[in-house]
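Undergrad: What follows is run-v1.csv; its format and atoms are CSV, N, CA and C atoms.
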chain,number,residue,atom,x,y,z
A,931,MET,N,-95.5,43.3,-47.4
A,931,MET,CA,-95.1,43.7,-46.1
A,931,MET,C,-96.1,43.2,-45.0
A,932,ILE,N,-97.4,43.2,-45.4
A,932,ILE,CA,-98.4,42.8,-44.4
A,932,ILE,C,-98.2,41.3,-44.1
A,933,LYS,N,-97.9,40.5,-45.1
A,933,LYS,CA,-97.6,39.1,-44.9
A,933,LYS,C,-96.4,38.9,-44.0
A,934,ALA,N,-95.4,39.7,-44.2
A,934,ALA,CA,-94.2,39.6,-43.4
A,934,ALA,C,-94.5,40.0,-41.9
A,935,ARG,N,-95.3,41.0,-41.7
A,935,ARG,CA,-95.7,41.4,-40.4
A,935,ARG,C,-96.5,40.3,-39.7
A,936,ILE,N,-97.4,39.6,-40.4
A,936,ILE,CA,-98.2,38.6,-39.8
A,936,ILE,C,-97.2,37.4,-39.4
A,937,ILE,N,-96.3,37.1,-40.2
A,937,ILE,CA,-95.3,36.1,-39.9
A,937,ILE,C,-94.5,36.5,-38.7
A,938,ILE,N,-94.0,37.7,-38.7
A,938,ILE,CA,-93.2,38.3,-37.6
A,938,ILE,C,-94.0,38.3,-36.3
A,939,GLY,N,-95.2,38.7,-36.4
A,939,GLY,CA,-96.1,38.8,-35.2
A,939,GLY,C,-96.3,37.4,-34.7
A,940,THR,N,-96.6,36.4,-35.5
A,940,THR,CA,-96.8,35.1,-35.1
A,940,THR,C,-95.6,34.5,-34.5
A,941,ALA,N,-94.5,34.7,-35.1
A,941,ALA,CA,-93.2,34.2,-34.6
A,941,ALA,C,-92.9,34.9,-33.3
A,942,ALA,N,-93.2,36.1,-33.1
A,942,ALA,CA,-92.9,36.9,-31.9
A,942,ALA,C,-93.7,36.3,-30.7
A,943,LEU,N,-95.0,36.0,-31.0
A,943,LEU,CA,-95.9,35.4,-30.0
A,943,LEU,C,-95.4,34.0,-29.6
A,944,ILE,N,-95.0,33.2,-30.5
A,944,ILE,CA,-94.4,31.9,-30.2
A,944,ILE,C,-93.2,32.0,-29.4
A,945,CYS,N,-92.3,32.9,-29.8
A,945,CYS,CA,-91.1,33.1,-29.0
A,945,CYS,C,-91.4,33.6,-27.7
A,946,ALA,N,-92.3,34.6,-27.5
A,946,ALA,CA,-92.6,35.2,-26.2
A,946,ALA,C,-93.1,34.1,-25.3
A,947,LEU,N,-93.9,33.1,-25.8
A,947,LEU,CA,-94.4,32.1,-25.0
A,947,LEU,C,-93.3,31.1,-24.6
A,948,ALA,N,-92.4,30.9,-25.5
A,948,ALA,CA,-91.2,30.0,-25.3
A,948,ALA,C,-90.3,30.6,-24.2
A,949,VAL,N,-90.1,31.9,-24.2
A,949,VAL,CA,-89.2,32.5,-23.2
A,949,VAL,C,-89.9,33.1,-22.1
A,950,ALA,N,-91.2,32.7,-21.8
A,950,ALA,CA,-91.9,33.2,-20.7
A,950,ALA,C,-91.0,33.0,-19.4
A,951,GLY,N,-91.0,34.0,-18.6
A,951,GLY,CA,-90.2,33.9,-17.4
A,951,GLY,C,-88.8,34.5,-17.6
A,952,THR,N,-88.4,34.8,-18.8
A,952,THR,CA,-87.2,35.5,-19.1
A,952,THR,C,-87.4,37.0,-18.7
A,953,PRO,N,-86.6,37.5,-17.8
A,953,PRO,CA,-86.9,38.9,-17.3
A,953,PRO,C,-86.7,39.9,-18.4
A,954,GLN,N,-87.7,40.8,-18.5
A,954,GLN,CA,-87.6,41.9,-19.4
A,954,GLN,C,-86.8,43.0,-18.8
A,955,ARG,N,-86.0,43.7,-19.6
A,955,ARG,CA,-85.2,44.8,-19.1
A,955,ARG,C,-86.2,45.9,-18.6
A,956,ALA,N,-86.0,46.5,-17.5
A,956,ALA,CA,-86.8,47.5,-16.9
A,956,ALA,C,-87.0,48.6,-17.8
A,957,ALA,N,-86.0,48.9,-18.7
A,957,ALA,CA,-86.1,50.1,-19.5
A,957,ALA,C,-87.1,49.9,-20.7
A,958,ALA,N,-87.5,48.7,-20.9
A,958,ALA,CA,-88.4,48.4,-22.1
A,958,ALA,C,-89.8,49.0,-21.7
A,959,ALA,N,-90.2,50.0,-22.5
A,959,ALA,CA,-91.5,50.6,-22.3
A,959,ALA,C,-92.5,49.8,-23.1
A,960,ASP,N,-93.8,50.0,-22.9
A,960,ASP,CA,-94.9,49.3,-23.6
A,960,ASP,C,-94.7,49.4,-25.1
A,961,ASP,N,-94.4,50.5,-25.6
A,961,ASP,CA,-94.2,50.7,-27.0
A,961,ASP,C,-93.0,50.0,-27.6
A,962,ASP,N,-92.1,49.6,-26.7
A,962,ASP,CA,-90.9,48.8,-27.2
A,962,ASP,C,-91.1,47.3,-27.2
A,963,VAL,N,-92.3,46.9,-26.8
A,963,VAL,CA,-92.5,45.4,-26.7
A,963,VAL,C,-92.4,44.8,-28.0
A,964,SER,N,-92.9,45.4,-29.1
A,964,SER,CA,-92.7,44.7,-30.4
A,964,SER,C,-91.2,44.6,-30.8
A,965,THR,N,-90.5,45.7,-30.4
A,965,THR,CA,-89.0,45.6,-30.7
A,965,THR,C,-88.3,44.6,-29.9
A,966,ALA,N,-88.7,44.5,-28.6
A,966,ALA,CA,-88.1,43.4,-27.7
A,966,ALA,C,-88.5,42.0,-28.3
A,967,ASP,N,-89.7,41.9,-28.7
A,967,ASP,CA,-90.1,40.6,-29.3
A,967,ASP,C,-89.4,40.3,-30.5
A,968,GLN,N,-89.2,41.3,-31.4
A,968,GLN,CA,-88.5,41.0,-32.6
A,968,GLN,C,-87.1,40.6,-32.3
A,969,CYS,N,-86.5,41.3,-31.3
A,969,CYS,CA,-85.1,40.9,-30.9
A,969,CYS,C,-85.0,39.5,-30.4
A,970,LYS,N,-86.0,39.1,-29.7
A,970,LYS,CA,-86.0,37.7,-29.1
A,970,LYS,C,-86.1,36.7,-30.3
A,971,VAL,N,-86.9,37.1,-31.3
A,971,VAL,CA,-87.1,36.1,-32.4
A,971,VAL,C,-85.9,36.1,-33.3
A,972,TYR,N,-85.4,37.2,-33.7
A,972,TYR,CA,-84.4,37.3,-34.7
A,972,TYR,C,-83.0,37.4,-34.2
A,973,CYS,N,-82.7,38.3,-33.2
A,973,CYS,CA,-81.4,38.6,-32.8
A,973,CYS,C,-80.9,37.6,-31.7
A,974,ALA,N,-81.7,37.2,-30.8
A,974,ALA,CA,-81.3,36.4,-29.7
A,974,ALA,C,-80.9,35.0,-30.1
A,975,LYS,N,-81.3,34.5,-31.3
A,975,LYS,CA,-80.9,33.2,-31.7
A,975,LYS,C,-79.3,33.1,-31.8
A,976,CYS,N,-78.7,34.2,-32.2
A,976,CYS,CA,-77.2,34.2,-32.3
A,976,CYS,C,-76.6,35.1,-31.2
A,977,HIS,N,-77.2,36.2,-30.9
A,977,HIS,CA,-76.6,37.2,-29.9
A,977,HIS,C,-77.0,36.9,-28.5
A,978,GLY,N,-78.0,36.0,-28.3
A,978,GLY,CA,-78.4,35.6,-26.9
A,978,GLY,C,-79.4,36.5,-26.4
A,979,PRO,N,-80.2,36.1,-25.4
A,979,PRO,CA,-81.3,36.8,-24.8
A,979,PRO,C,-80.8,38.1,-24.1
A,980,ALA,N,-79.6,38.1,-23.6
A,980,ALA,CA,-79.0,39.3,-22.9
A,980,ALA,C,-78.0,40.0,-23.8
A,981,GLY,N,-77.9,39.6,-25.1
A,981,GLY,CA,-77.0,40.3,-26.0
A,981,GLY,C,-75.5,39.9,-25.8
A,982,HIS,N,-75.2,38.8,-25.2
A,982,HIS,CA,-73.8,38.5,-24.9
A,982,HIS,C,-73.1,37.7,-26.0
A,983,GLY,N,-73.8,37.5,-27.1
A,983,GLY,CA,-73.2,36.7,-28.2
A,983,GLY,C,-73.2,35.2,-28.0
A,984,ASP,N,-74.1,34.8,-27.1
A,984,ASP,CA,-74.1,33.4,-26.7
A,984,ASP,C,-75.4,32.7,-27.0
A,985,GLY,N,-76.1,33.1,-28.1
A,985,GLY,CA,-77.4,32.5,-28.4
A,985,GLY,C,-77.2,31.0,-28.9
A,986,ALA,N,-78.4,30.4,-29.0
A,986,ALA,CA,-78.4,28.9,-29.3
A,986,ALA,C,-77.7,28.6,-30.6
A,987,ASN,N,-77.7,29.5,-31.6
A,987,ASN,CA,-77.1,29.3,-32.9
A,987,ASN,C,-75.6,29.8,-33.0
A,988,ALA,N,-75.2,30.4,-31.9
A,988,ALA,CA,-73.8,31.0,-32.0
A,988,ALA,C,-72.7,30.0,-32.3
A,989,SER,N,-72.9,28.8,-31.7
A,989,SER,CA,-71.8,27.8,-31.9
A,989,SER,C,-71.7,27.3,-33.3
A,990,THR,N,-72.8,27.6,-34.1
A,990,THR,CA,-72.8,27.1,-35.5
A,990,THR,C,-72.1,28.0,-36.5
A,991,LEU,N,-71.8,29.2,-36.0
A,991,LEU,CA,-71.2,30.3,-36.8
A,991,LEU,C,-69.7,30.3,-36.8
A,992,LYS,N,-69.1,30.7,-37.9
A,992,LYS,CA,-67.7,30.8,-38.0
A,992,LYS,C,-67.1,31.9,-37.1
A,993,THR,N,-67.9,33.0,-36.9
A,993,THR,CA,-67.5,34.1,-36.1
A,993,THR,C,-68.4,34.3,-35.0
A,994,ARG,N,-67.9,34.5,-33.8
A,994,ARG,CA,-68.8,34.7,-32.6
A,994,ARG,C,-69.6,35.9,-32.8
A,995,PRO,N,-70.9,35.9,-32.6
A,995,PRO,CA,-71.8,37.1,-32.7
A,995,PRO,C,-71.3,38.2,-31.8
A,996,ARG,N,-71.6,39.4,-32.2
A,996,ARG,CA,-71.3,40.6,-31.4
A,996,ARG,C,-71.9,40.5,-30.0
A,997,ASP,N,-71.1,40.9,-29.0
A,997,ASP,CA,-71.6,41.0,-27.6
A,997,ASP,C,-72.0,42.4,-27.3
A,998,PHE,N,-73.3,42.7,-27.3
A,998,PHE,CA,-73.9,44.0,-27.2
A,998,PHE,C,-73.7,44.6,-25.8
A,999,SER,N,-73.4,43.7,-24.8
A,999,SER,CA,-73.2,44.2,-23.4
A,999,SER,C,-71.7,44.6,-23.2
A,1000,ASP,N,-70.8,44.4,-24.2
A,1000,ASP,CA,-69.5,44.9,-24.1
A,1000,ASP,C,-69.4,46.3,-24.5
A,1001,CYS,N,-69.5,47.2,-23.5
A,1001,CYS,CA,-69.6,48.6,-23.7
A,1001,CYS,C,-68.3,49.2,-24.4
A,1002,ALA,N,-67.1,48.6,-24.0
A,1002,ALA,CA,-65.9,49.1,-24.6
A,1002,ALA,C,-65.9,49.0,-26.1
A,1003,THR,N,-66.5,47.9,-26.6
A,1003,THR,CA,-66.6,47.7,-28.1
A,1003,THR,C,-67.8,48.4,-28.7
A,1004,ILE,N,-68.9,48.2,-28.1
A,1004,ILE,CA,-70.2,48.6,-28.7
A,1004,ILE,C,-70.3,50.2,-28.8
A,1005,THR,N,-69.7,50.9,-27.9
A,1005,THR,CA,-69.7,52.4,-28.0
A,1005,THR,C,-68.9,52.9,-29.1
A,1006,LYS,N,-68.0,52.1,-29.7
A,1006,LYS,CA,-67.1,52.5,-30.8
A,1006,LYS,C,-67.8,52.3,-32.1
A,1007,ILE,N,-69.0,51.7,-32.1
A,1007,ILE,CA,-69.7,51.4,-33.4
A,1007,ILE,C,-70.8,52.4,-33.5
A,1008,SER,N,-70.9,53.1,-34.6
A,1008,SER,CA,-71.9,54.1,-34.9
A,1008,SER,C,-73.3,53.4,-35.1
A,1009,ASP,N,-74.3,54.2,-34.8
A,1009,ASP,CA,-75.7,53.8,-35.1
A,1009,ASP,C,-75.8,53.5,-36.6
A,1010,ASP,N,-75.2,54.3,-37.4
A,1010,ASP,CA,-75.3,54.0,-38.9
A,1010,ASP,C,-74.7,52.7,-39.3
A,1011,THR,N,-73.6,52.3,-38.6
A,1011,THR,CA,-73.0,51.0,-38.9
A,1011,THR,C,-73.9,49.9,-38.4
A,1012,MET,N,-74.4,50.0,-37.2
A,1012,MET,CA,-75.3,49.0,-36.7
A,1012,MET,C,-76.5,48.8,-37.6
A,1013,PHE,N,-77.1,50.0,-38.0
A,1013,PHE,CA,-78.3,50.0,-38.9
A,1013,PHE,C,-78.0,49.2,-40.2
A,1014,LYS,N,-76.8,49.6,-40.8
A,1014,LYS,CA,-76.5,49.0,-42.1
A,1014,LYS,C,-76.2,47.5,-41.9
A,1015,ALA,N,-75.6,47.1,-40.8
A,1015,ALA,CA,-75.3,45.7,-40.6
A,1015,ALA,C,-76.6,44.9,-40.4
A,1016,ILE,N,-77.6,45.4,-39.7
A,1016,ILE,CA,-78.9,44.8,-39.6
A,1016,ILE,C,-79.6,44.7,-40.9
A,1017,LYS,N,-79.6,45.8,-41.6
A,1017,LYS,CA,-80.4,45.9,-42.9
A,1017,LYS,C,-79.8,45.1,-44.0
A,1018,GLU,N,-78.4,45.3,-44.2
A,1018,GLU,CA,-77.8,44.7,-45.3
A,1018,GLU,C,-76.9,43.5,-45.0
A,1019,GLY,N,-76.7,43.2,-43.7
A,1019,GLY,CA,-75.9,42.0,-43.4
A,1019,GLY,C,-74.5,42.5,-43.0
A,1020,GLY,N,-73.7,41.6,-42.3
A,1020,GLY,CA,-72.4,41.9,-41.9
A,1020,GLY,C,-71.4,42.3,-43.0
A,1021,ALA,N,-71.5,41.6,-44.1
A,1021,ALA,CA,-70.6,41.9,-45.2
A,1021,ALA,C,-70.7,43.4,-45.7
A,1022,ALA,N,-71.8,44.0,-45.5
A,1022,ALA,CA,-72.0,45.4,-45.9
A,1022,ALA,C,-71.2,46.4,-45.1
A,1023,VAL,N,-70.8,45.9,-43.9
A,1023,VAL,CA,-69.9,46.8,-43.1
A,1023,VAL,C,-68.6,46.1,-42.8
A,1024,ASN,N,-68.1,45.3,-43.7
A,1024,ASN,CA,-66.8,44.6,-43.6
A,1024,ASN,C,-66.7,43.7,-42.4
A,1025,LEU,N,-67.8,43.1,-42.1
A,1025,LEU,CA,-67.8,42.0,-41.0
A,1025,LEU,C,-68.2,40.7,-41.7
A,1026,PRO,N,-68.0,39.6,-41.0
A,1026,PRO,CA,-68.3,38.3,-41.6
A,1026,PRO,C,-69.7,38.2,-42.1
A,1027,GLY,N,-69.9,37.4,-43.1
A,1027,GLY,CA,-71.2,37.2,-43.7
A,1027,GLY,C,-72.2,36.4,-42.9
A,1028,ASP,N,-71.7,35.9,-41.7
A,1028,ASP,CA,-72.6,35.2,-40.8
A,1028,ASP,C,-73.8,36.0,-40.4
A,1029,MET,N,-73.6,37.3,-40.3
A,1029,MET,CA,-74.8,38.2,-40.0
A,1029,MET,C,-75.6,38.4,-41.3
A,1030,PRO,N,-76.8,37.8,-41.3
A,1030,PRO,CA,-77.6,37.9,-42.5
A,1030,PRO,C,-78.2,39.3,-42.6
A,1031,PRO,N,-78.6,39.7,-43.8
A,1031,PRO,CA,-79.4,40.9,-44.0
A,1031,PRO,C,-80.8,40.8,-43.6
A,1032,TRP,N,-81.3,41.7,-42.9
A,1032,TRP,CA,-82.7,41.7,-42.4
A,1032,TRP,C,-83.6,42.8,-43.0
A,1033,GLY,N,-83.1,43.4,-44.1
A,1033,GLY,CA,-83.8,44.5,-44.7
A,1033,GLY,C,-85.2,44.2,-45.3
A,1034,GLN,N,-85.4,42.9,-45.6
A,1034,GLN,CA,-86.7,42.5,-46.1
A,1034,GLN,C,-87.7,42.2,-45.0
A,1035,ALA,N,-87.2,41.9,-43.8
A,1035,ALA,CA,-88.1,41.6,-42.7
A,1035,ALA,C,-88.5,42.9,-41.9
A,1036,PHE,N,-87.7,43.9,-41.9
A,1036,PHE,CA,-87.9,45.1,-41.1
A,1036,PHE,C,-87.9,46.4,-41.9
A,1037,GLU,N,-88.8,47.3,-41.6
A,1037,GLU,CA,-88.7,48.6,-42.1
A,1037,GLU,C,-87.6,49.4,-41.5
A,1038,ASP,N,-87.2,50.5,-42.1
A,1038,ASP,CA,-86.1,51.3,-41.5
A,1038,ASP,C,-86.4,51.7,-40.1
A,1039,GLY,N,-87.6,52.2,-39.8
A,1039,GLY,CA,-87.9,52.6,-38.4
A,1039,GLY,C,-87.8,51.5,-37.4
A,1040,GLU,N,-88.1,50.3,-37.8
A,1040,GLU,CA,-88.0,49.1,-36.9
A,1040,GLU,C,-86.5,48.8,-36.7
A,1041,ILE,N,-85.7,48.9,-37.7
A,1041,ILE,CA,-84.3,48.7,-37.6
A,1041,ILE,C,-83.7,49.7,-36.6
A,1042,LYS,N,-84.1,51.0,-36.7
A,1042,LYS,CA,-83.6,52.0,-35.8
A,1042,LYS,C,-84.0,51.7,-34.4
A,1043,GLY,N,-85.2,51.1,-34.2
A,1043,GLY,CA,-85.7,50.7,-32.9
A,1043,GLY,C,-84.8,49.5,-32.4
A,1044,LEU,N,-84.4,48.6,-33.2
A,1044,LEU,CA,-83.6,47.5,-32.9
A,1044,LEU,C,-82.2,48.0,-32.4
A,1045,VAL,N,-81.6,49.0,-33.1
A,1045,VAL,CA,-80.3,49.6,-32.8
A,1045,VAL,C,-80.4,50.1,-31.4
A,1046,THR,N,-81.4,50.9,-31.1
A,1046,THR,CA,-81.6,51.5,-29.8
A,1046,THR,C,-81.8,50.4,-28.7
A,1047,TYR,N,-82.6,49.4,-29.0
A,1047,TYR,CA,-82.8,48.3,-28.1
A,1047,TYR,C,-81.5,47.5,-27.8
A,1048,LEU,N,-80.7,47.2,-28.8
A,1048,LEU,CA,-79.5,46.5,-28.7
A,1048,LEU,C,-78.5,47.3,-27.9
A,1049,ARG,N,-78.4,48.6,-28.1
A,1049,ARG,CA,-77.5,49.4,-27.3
A,1049,ARG,C,-77.8,49.4,-25.8
A,1050,ALA,N,-79.0,49.2,-25.5
A,1050,ALA,CA,-79.4,49.2,-24.0
A,1050,ALA,C,-78.8,48.0,-23.3
A,1051,PHE,N,-78.3,47.0,-24.0
A,1051,PHE,CA,-77.6,45.9,-23.3
A,1051,PHE,C,-76.3,46.4,-22.7
A,1052,CYS,N,-75.7,47.5,-23.2
A,1052,CYS,CA,-74.5,48.0,-22.6
A,1052,CYS,C,-74.9,48.9,-21.4
A,1053,LYS,N,-74.5,48.5,-20.3
A,1053,LYS,CA,-74.9,49.2,-19.0
A,1053,LYS,C,-73.6,49.8,-18.4
A,1054,LYS,N,-73.4,51.1,-18.6
A,1054,LYS,CA,-72.2,51.7,-18.1
A,1054,LYS,C,-72.3,52.0,-16.6
Represent the structure contained in this file as structure tokens.
TA:
Amino acid sequence: MIKARIIIGTAALICALAVAGTPQRAAAADDDVSTADQCKVYCAKCHGPAGHGDGANASTLKTRPRDFSDCATITKISDDTMFKAIKEGGAAVNLPGDMPPWGQAFEDGEIKGLVTYLRAFCKK
């Protein structure tokens, strides 16, 4: 897990430098920075930097990635379902397998933080 954290930390730094100038959401507190960086590295590739499902890799997928800013849809999905989709992949929650499992990259607490972070894209 330490090796994974070093890789994640290095990737987060590289990504943070690459997206310098991308506005941070005001709601992100200092202790959420690592979650925000993880989201930029792992989630934004498909879901986009603002969670609209329009990331750089989105066009390569069979199914468009979830738009986390779509409050009508995202509020119907439980935290447990989002957690399981991140940890075990889309197929684990009867979604397309384009969503890979991230359980080896993140601890459960980190996944819970990602769920909270992703939900913040929905602004009611």
Undergrad: Between A:Arg1049, A:Thr1011, A:Asp967, A:Phe998, which one has atoms that come closest to Gly981 (chain A), using all atoms listed in the file?
TA: A:Phe998
Undergrad: Using only C-alpha atoms for the distances, tell me which of A:Leu1025, A:Ala986, A:Leu991, A:Ile1041 is nearest to Asp1010 (chain A).
TA: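 Answer, going by the shortest atom-to-atom distance: A:Ile1041.
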Undergrad: At what distance in Å, to one decimal, does CA of Arg996 (chain A) lie from atom C of Gln968 (chain A)?
TA: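 Between atom C of Gln968 (chain A) and CA of Arg996 (chain A) the gap is 15.8 Å.
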Undergrad: CA of Trp1032 (chain A) to CA of Val971 (chain A): how many Å, to one decimal?
TA: 12.3 Å
Undergrad: For atom N of Gly983 (chain A) and atom N of Asp997 (chain A), quote the distance in Å rounded to one decimal.
TA: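 For atom N of Gly983 (chain A) relative to atom N of Asp997 (chain A), the distance reads 4.7 Å.
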Undergrad: Take the point (-77.2, 46.8, -24.6) as written in the file and pick out every residue within 7 Å of it, counting all atoms listed in the file; give the list as a ChimeraX atom specification.
TA: /A:980-981,998-1000,1047-1053
Undergrad: Could you check the closest approach to Ser989 (chain A) for each of A:Cys976, A:Asp1009, A:Pro1031, A:Cys969 and tell me which residue wins, using all atoms listed in the file?
TA: A:Cys976
Undergrad: Take every atom of region 965-973 of chain A listed in the file, fit an axis-aligned box around them, add 3 Å per side, and give the centre and edge lengths in Å to one decimal as lines of an AutoDock Vina configuration file.
TA:
center_x = -85.7
center_y = 40.9
center_z = -31.2
size_x = 15.6
size_y = 15.6
size_z = 13.0
